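Source file: my_file-v1.cif. Holds: mmCIF, C-alpha atoms and all ligand atoms.
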```cif
data_input
#
loop_
_atom_site.label_atom_id
_atom_site.label_comp_id
_atom_site.auth_asym_id
_atom_site.auth_seq_id
_atom_site.Cartn_x
_atom_site.Cartn_y
_atom_site.Cartn_z
CA MET C 1 0.00 0.00 0.00
CA ARG C 2 2.66 2.41 1.09
CA GLU C 3 4.72 1.85 -2.02
CA LYS C 4 1.82 2.28 -4.34
CA ARG C 5 0.99 5.54 -2.76
CA SER C 6 4.48 6.94 -3.09
CA GLU C 7 4.50 5.86 -6.73
CA LEU C 8 1.36 7.81 -7.29
CA GLU C 9 2.78 10.79 -5.47
CA GLU C 10 5.85 10.64 -7.62
CA ARG C 11 3.82 10.54 -10.76
CA LEU C 12 1.81 13.52 -9.61
CA LEU C 13 4.96 15.43 -8.81
CA GLN C 14 6.42 14.57 -12.17
CA GLY C 15 3.25 15.74 -13.80
CA ILE C 16 3.44 19.10 -12.08
CA HIS C 17 7.10 19.43 -12.88
CA GLY C 18 6.45 18.48 -16.52
CA LYS C 19 3.77 21.13 -16.81
CA LYS C 20 6.07 23.79 -15.38
CA GLU C 21 8.72 22.78 -17.85
CA LEU C 22 6.22 23.03 -20.70
CA LYS C 23 5.06 26.46 -19.59
CA ARG C 24 8.63 27.67 -19.45
CA GLU C 25 9.28 26.43 -22.97
CA GLU C 26 6.11 28.13 -24.13
CA ARG C 27 7.19 31.43 -22.60
CA ASN C 28 10.59 31.17 -24.18
CA ARG C 29 8.87 30.90 -27.53
CA TYR C 30 6.68 34.01 -27.09
CA LEU C 31 9.19 36.53 -25.73
CA GLY C 32 8.45 35.59 -22.13
CA GLU C 33 4.65 35.41 -22.45
CA TYR C 34 2.14 32.59 -22.12
CA GLU C 35 0.76 31.53 -25.45
CA GLU C 36 -2.84 31.90 -24.23
CA ARG C 37 -2.24 35.63 -23.68
CA VAL C 38 -0.81 36.24 -27.13
CA ILE C 39 -3.33 37.91 -29.39
CA ARG C 40 -1.10 37.97 -32.45
CA TYR C 41 2.57 37.62 -33.21
CA LEU C 42 5.02 38.16 -36.07
CA THR C 43 8.27 36.41 -36.88
CA ARG C 44 11.46 38.48 -36.86
CA GLU C 45 11.47 38.30 -40.64
CA GLN C 46 7.93 39.68 -40.79
CA VAL C 47 8.76 42.58 -38.47
CA ARG C 48 11.65 43.53 -40.72
CA GLU C 49 9.49 43.63 -43.85
CA LYS C 50 8.62 47.04 -45.17
CA GLY C 51 5.09 48.11 -44.38
CA ILE C 52 2.78 47.24 -41.53
CA TYR C 53 0.87 44.04 -41.02
CA PRO C 54 -2.78 45.09 -40.68
CA GLU C 55 -3.33 42.02 -38.46
CA ILE C 56 -1.07 43.56 -35.84
CA LEU C 57 -2.92 46.84 -35.92
CA ALA C 58 -6.16 44.90 -35.48
CA ALA C 59 -4.62 42.99 -32.55
CA MET C 60 -3.58 46.27 -30.91
CA ARG C 61 -7.20 47.39 -31.14
CA HIS C 62 -8.44 44.16 -29.55
CA PRO C 63 -10.22 45.16 -26.32
CA ALA C 64 -7.97 42.83 -24.27
CA ALA C 65 -4.67 44.08 -25.76
CA ARG C 66 -2.29 45.53 -23.16
CA LYS C 67 1.27 45.34 -24.38
CA LEU C 68 3.47 45.29 -27.44
CA ILE C 69 6.67 43.33 -26.90
CA VAL C 70 9.53 43.38 -29.40
CA ASP C 71 12.59 41.16 -29.46
CA ARG C 72 15.63 43.25 -28.63
CA ASN C 73 17.52 41.63 -31.52
CA ILE C 74 15.35 43.61 -33.91
CA GLU C 75 16.73 46.98 -34.91
CA LEU C 76 14.54 49.77 -33.54
CA GLY C 77 14.10 51.22 -37.01
CA ALA C 78 12.37 48.08 -38.21
CA ALA C 79 9.87 48.16 -35.35
CA ASN C 80 9.35 51.93 -35.26
CA GLU C 81 6.03 52.00 -36.99
CA TYR C 82 4.62 49.28 -34.72
CA ILE C 83 5.86 51.11 -31.64
CA LYS C 84 4.18 54.28 -32.81
CA LEU C 85 0.92 52.43 -33.38
CA ALA C 86 1.13 50.83 -29.93
CA ARG C 87 1.45 54.26 -28.39
CA GLU C 88 -1.47 55.59 -30.43
CA ASN C 89 -3.58 52.68 -29.24
CA GLY C 90 -2.69 53.07 -25.59
CA LEU C 91 -0.57 49.95 -25.23
CA GLN C 92 2.54 49.60 -23.12
CA PHE C 93 5.68 48.80 -24.99
CA LYS C 94 8.83 46.97 -24.11
CA ARG C 95 11.79 45.30 -25.73
CA VAL C 96 13.01 42.06 -24.25
CA TYR C 97 15.89 39.68 -24.56
CA SER C 98 16.82 36.38 -23.01
CA PRO C 99 19.41 33.83 -24.08
CA ASP C 100 16.74 31.21 -23.40
CA PHE C 101 14.35 32.50 -26.04
CA LYS C 102 13.72 29.98 -28.78
CA GLY C 103 12.18 30.13 -32.22
CA ASP C 104 11.65 33.04 -34.55
CA VAL C 105 9.02 35.18 -32.82
CA GLY C 106 9.99 38.85 -33.12
CA LEU C 107 6.94 40.74 -31.90
CA VAL C 108 3.87 39.92 -29.83
CA VAL C 109 0.72 41.78 -28.90
CA VAL C 110 -0.40 40.41 -25.56
CA SER C 111 -3.12 40.68 -22.97
CA ASP C 112 -2.83 40.30 -19.21
CA GLN C 113 -5.24 37.39 -19.33
CA ALA C 114 -6.03 34.41 -21.55
CA VAL C 115 -7.57 35.44 -24.84
CA GLU C 116 -9.43 33.28 -27.28
CA VAL C 117 -8.31 33.98 -30.81
CA GLU C 118 -8.59 32.01 -33.99
CA ASN C 119 -5.07 32.59 -35.29
CA ARG C 120 -2.06 33.79 -33.37
CA GLU C 121 0.27 33.58 -36.31
CA VAL C 122 0.05 35.77 -39.38
CA MET C 123 0.39 34.45 -42.91
CA PRO C 124 3.32 36.09 -44.74
CA ARG C 125 2.19 39.25 -46.46
CA LYS C 126 3.42 38.21 -49.90
CA GLU C 127 1.50 34.96 -49.76
CA GLN C 128 -1.65 36.69 -48.59
CA LEU C 129 -1.56 39.30 -51.31
CA LYS C 130 -0.73 36.78 -53.99
CA GLU C 131 -3.70 34.73 -52.91
CA LYS C 132 -5.88 37.83 -53.24
CA GLY C 133 -4.67 38.33 -56.79
CA ILE C 134 -2.57 41.46 -56.30
CA SER C 135 0.08 41.98 -58.97
CA ASP C 136 3.71 41.24 -58.05
CA THR C 137 4.79 44.79 -58.83
CA ILE C 138 2.53 46.13 -56.11
CA ILE C 139 3.37 43.34 -53.65
CA GLU C 140 7.10 43.91 -54.03
CA ASN C 141 6.92 47.68 -53.46
CA PRO C 142 5.27 48.61 -50.18
CA GLY C 143 5.53 52.35 -49.63
CA ALA C 144 5.19 53.09 -53.33
CA LYS C 145 2.96 55.74 -54.86
CA LEU C 146 0.27 54.18 -56.97
CA CYS C 147 -1.68 55.31 -60.05
CA ASN C 148 -5.47 55.25 -59.91
CA GLN C 149 -5.63 51.87 -61.54
CA CYS C 150 -3.23 50.18 -59.09
CA TRP C 151 -4.88 51.96 -56.14
CA GLN C 152 -8.23 50.69 -57.29
CA GLU C 153 -6.87 47.17 -57.64
CA LEU C 154 -5.57 47.24 -54.10
CA ARG C 155 -8.73 48.80 -52.72
CA GLU C 156 -10.88 46.11 -54.28
CA LYS C 157 -8.75 43.13 -53.36
CA ALA C 158 -6.91 44.07 -50.18
CA PRO C 159 -8.20 47.35 -48.72
CA GLU C 160 -6.40 46.71 -45.40
CA GLU C 161 -3.10 47.15 -47.29
CA LEU C 162 -3.86 50.67 -48.51
CA ARG C 163 -2.12 52.23 -45.54
CA ASN C 164 1.17 50.77 -46.78
CA TYR C 165 0.90 52.78 -50.02
CA SER C 166 -0.05 56.22 -51.16
CA ARG C 167 -1.80 57.54 -54.21
CA ILE C 168 -0.10 59.63 -56.87
CA SER C 169 -1.41 63.14 -56.42
CA PHE C 170 -2.03 65.78 -59.04
CA LEU C 171 1.16 67.51 -57.97
CA ASP C 172 3.13 64.26 -58.20
CA ARG C 173 1.92 63.90 -61.76
CA VAL C 174 2.99 67.43 -62.60
CA ILE C 175 6.54 66.72 -61.46
CA GLY C 176 6.58 63.42 -63.34
CA VAL C 177 6.12 60.82 -60.61
CA LYS C 178 5.23 57.55 -62.29
CA CYS C 179 3.54 54.51 -60.87
CA ILE C 180 5.59 51.36 -60.37
CA CYS C 181 3.44 49.59 -62.96
CA LYS C 182 4.66 52.06 -65.59
CA LYS C 183 8.29 51.86 -64.63
CA ASN C 184 8.40 48.22 -65.57
CA GLU C 185 7.00 48.85 -69.03
CA LYS C 186 9.90 49.41 -71.33
ZN ZN C 201 0.00 51.74 -61.49
#
```
So, in terms of structure tokens, how does the structure I just supplied come out?
Ligand SMILES: [Zn+2]
Amino acid sequence: MREKRSELEERLLQGIHGKKELKREERNRYLGEYEERVIRYLTREQVREKGIYPEILAAMRHPAARKLIVDRNIELGAANEYIKLARENGLQFKRVYSPDFKGDVGLVVVSDQAVEVENREVMPRKEQLKEKGISDTIIENPGAKLCNQCWQELREKAPEELRNYSRISFLDRVIGVKCICKKNEK
């Protein structure tokens, strides 16, 4: 009887220890946060891409969002726009580093409690836009000024991406600014 009991105790203890270990691993994957509190995250590569992921802006506007956390390995310049948006949306911001961090997570928007979300990861921008039928010229040039036709294309197929582009103004046209779709025509 005695032995059986201690075996059970041991198994229980191991179970608790195992869970702790798992939680630690989980936190090392999400910049020190529990997965259940992560509303959305980006990989380091995604943070470094030009332009803003609209999914992250949406996550910052989630009613439970509290903090934006950025991996300290990421150059501040690459995260600037996200930091600005966090401030605008009333979130705290911090940069973190630990030698124990694992994986490729570069940025997380987190809550201070468990949040139910459908997707914590974000599909790479290029893949998303390709799937929506946006032309490669537009996909490859975030930040570009677009002619009416390209603007219209983007507005119809991926309106959430408009903020990563601007529209060629009358004045631009006067000084000869050309859309990226024209530059490739030779
Ligand atoms: Zn164009």
Point to revise | Nearby polymer residues, ligand ZN 201 (chain C), at most 12 Å, all atoms listed in the file, as a PyMOL selection string | key: chain C and resi 134-139+141+144-154+165-168+177-185
Exercise for review: Determine the nearest neighbour of Ile83 of chain C from the options C:Leu22, C:Met60, C:Val174, C:Leu129, counting all atoms listed in the file.
Suggested key: C:Met60
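Pairwise distance (atom CA of Glu121 of chain C, atom CA of Val96 of chain C) equals 19.5 Å.
Checking C:Asn164, C:Asn119, C:Leu68, C:Glu45 one by one against Glu140 of chain C, counting only C-alpha atoms, you find the shortest gap at C:Asn164.
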**Study point:** Pairwise distance for atom CA of Ala65 of chain C and atom CA of Tyr30 of chain C, rounded to one decimal in Å
**Key:** 15.2 Å
Check your understanding: Neighbours of Asp100 of chain C within 9 Å (all atoms listed in the file; same-chain residues fewer than 4 positions away dropped), as a VMD selection string?
Key -> chain C and resid 25 28 to 29
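Residue nearest Met123 of chain C within the list C:Lys84, C:Arg61, C:Arg40, C:Arg95: C:Arg40 [criterion: smallest interatomic distance, all atoms listed in the file].
Note that atom CA of Pro54 of chain C and atom CA of Pro159 of chain C are 10.0 Å apart.
Excluding Leu107 of chain C itself and any same-chain residue fewer than 5 positions from it, the protein and nucleic acid residues within 6 Å of it, counting only C-alpha atoms, are Tyr41, Leu42, Ile69 and Val70 of chain C.
Each of C:Asn80, C:Arg163, C:Val117, C:Glu36 was compared to Lys23 of chain C using all atoms listed in the file, and C:Glu36 turns out to be the nearest.
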Exercise for review: Compare C:Leu91, C:Val108, C:Val122, C:Ile56 by their minimum atom-to-atom distance to Asp71 of chain C, counting all atoms listed in the file, and give me the closest one.
Suggested key: C:Val108
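Proximity ranking of C:Leu13, C:Gly143, C:Arg72, C:Glu21 relative to Pro99 of chain C places C:Arg72 first, based on all atoms listed in the file.
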